[in-house]
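To start, the structure itself, in structure tokens.
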Amino acid sequence: MSIIRFARRRPGSPPPSVVSAVSVLAAAVGLSFLPGLSSPTSAASADRFPVAVKIGEQTVRMAKKPKRIVSISPTATEILFSIGAGKQVIAVDDQSSFPANAPRTKLSGFKPNVEAIVGYKPDLVVMSQDDKVTAALRTLKIPVAVQTAATAFNDSYRQIRELGVLTGHRAQADGVVVTMKSRLDAALASAPKIKVKIFHELDDTLYTVTSSTFIGQVYAAFGVVNVADGAPGGEFGYPQLNAEYLVKANPDVVFLADTKCCAQSVDTVVKRDGWSEITAVKKRAIVSLDDDIASRWGPRLPLLFEAIAAGLQQYAR
């Protein structure tokens, strides 16, 4: 599967193993070739080509500024448009739902097709998984940037900066990172400083996340208690709970990341059998999240932080 989504685990599908990384509050690790925020003059100089960026085990080389970018990654699509590279993007996959003006196509995000991608004559392809497709594209001498699912905030910042270099938008990428970090800090500061038990729902079969996952680290930054930690199957990061477990765990706030996929809402949750005694249901402390924002690790991450902060404020009232 080429699109790695944090918030979508269908019934019966095995959850991916996500390794716990560095503290979510650590400062972003800058790339060795990136300066700080640049003046317009130095930014123009910094964006000269050719460039070479090491991403994972591969080095992506761009002889000149790309003009025909294909994104087979919803997160990469959001990043490209956020850093000012949108006009260089000629095609995105069928899962790239944001921004609205992204050139969405029938290119499959789950089963990418080499011939279909090549048909767009790209001079840069961005993907979220390194596989036979990426190998075939490299064989055809097409530069491919593979940015896998983030496991820590630093991964998100790094990927934004990587694409900034590859597309000729270093200063804009740095600016996006600075803005993100400022908004994350503001959201954390706005949240009530109380111990709260939370449950993050991935789908209506009660798959969830532990604190070892990227999304779990988002909640950990707020100092809350994740009721999934220690649950059976939690060693994979994405355990499937049951109603009995949740009633006993008694979360104070429930966050729904399945409002689009599974049509879940406050109304559907309060009607669930056996849930009437859960504190979150009693207080109607049930927060509806945007599935996409809760499943991507790009520039809209602050919106997730702000939604969580609002939900905790709602419980504290």
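Going by the structure tokens order, chains are called A, B, ..., each with residues numbered from 1, while ligands are numbered from 1 in the order shown.
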I want to know what sits within 7 Å of segment 134-149 of chain A, based on only C-alpha atoms, with residues of the same chain fewer than 2 positions away left out; could you give that as a compact mmCIF listing (two decimals) with N, CA, C and O atoms, in the first residue's frame?
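Output file part-v1.txt is given in full below:
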# COMPACT_ATOMS: atom_id res chain seq x y z
N ILE A 4 0.42 5.62 3.27
CA ILE A 4 0.39 5.17 4.65
C ILE A 4 -0.43 6.16 5.45
O ILE A 4 -0.02 7.27 5.68
N VAL A 60 18.55 11.97 -3.94
CA VAL A 60 17.75 12.49 -5.04
C VAL A 60 18.50 13.68 -5.65
O VAL A 60 18.82 14.64 -4.94
N ARG A 61 18.77 13.60 -6.94
CA ARG A 61 19.52 14.66 -7.62
C ARG A 61 18.62 15.36 -8.63
O ARG A 61 17.96 14.72 -9.44
N VAL A 114 3.40 2.25 -12.87
CA VAL A 114 4.56 2.92 -13.46
C VAL A 114 4.20 3.60 -14.77
O VAL A 114 4.52 4.78 -14.99
N ASP A 123 9.35 15.24 -14.10
CA ASP A 123 10.78 15.41 -13.84
C ASP A 123 11.08 15.25 -12.35
O ASP A 123 12.22 15.37 -11.92
N LEU A 124 10.03 14.96 -11.55
CA LEU A 124 10.19 14.60 -10.14
C LEU A 124 8.91 13.90 -9.70
O LEU A 124 7.81 14.36 -9.97
N VAL A 125 9.08 12.76 -9.02
CA VAL A 125 7.94 12.02 -8.45
C VAL A 125 8.16 11.92 -6.95
O VAL A 125 9.26 11.61 -6.50
N VAL A 126 7.11 12.19 -6.19
CA VAL A 126 7.18 12.07 -4.73
C VAL A 126 6.23 10.97 -4.30
O VAL A 126 5.06 10.96 -4.69
N MET A 127 6.76 10.01 -3.51
CA MET A 127 5.95 8.88 -3.07
C MET A 127 6.17 8.65 -1.58
O MET A 127 7.08 9.22 -0.98
N SER A 128 5.34 7.80 -0.99
CA SER A 128 5.44 7.53 0.45
C SER A 128 5.96 6.13 0.76
O SER A 128 6.03 5.76 1.93
N GLN A 129 6.30 5.38 -0.27
CA GLN A 129 6.79 4.02 -0.04
C GLN A 129 7.78 3.63 -1.12
O GLN A 129 7.56 3.89 -2.30
N ASP A 130 8.89 3.03 -0.69
CA ASP A 130 9.92 2.59 -1.63
C ASP A 130 9.62 1.15 -2.02
O ASP A 130 9.63 0.25 -1.18
N ASP A 131 9.33 0.91 -3.30
CA ASP A 131 8.97 -0.43 -3.74
C ASP A 131 9.38 -0.63 -5.20
O ASP A 131 10.24 0.09 -5.72
N LYS A 132 8.78 -1.61 -5.86
CA LYS A 132 9.12 -1.91 -7.24
C LYS A 132 8.80 -0.74 -8.17
O LYS A 132 9.46 -0.55 -9.19
N THR A 151 7.38 9.26 12.02
CA THR A 151 7.24 8.63 13.34
C THR A 151 7.53 9.63 14.45
O THR A 151 7.43 9.30 15.63
N GLN A 159 10.85 16.54 6.12
CA GLN A 159 10.29 16.29 4.80
C GLN A 159 9.87 17.59 4.11
O GLN A 159 10.02 17.73 2.89
Report task. Write out as a PyMOL selection string all residues of segment 53-195 of chain A that DSSP puts in alpha helix (DSSP H) for this structure's backbone. Result -> chain A and resi 74-82+114-118+132-139+153-167+170-190
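Closest to Arg183 of chain A among A:Pro99, A:Pro50, A:Pro299, A:Pro74 is A:Pro299, based on only C-alpha atoms.
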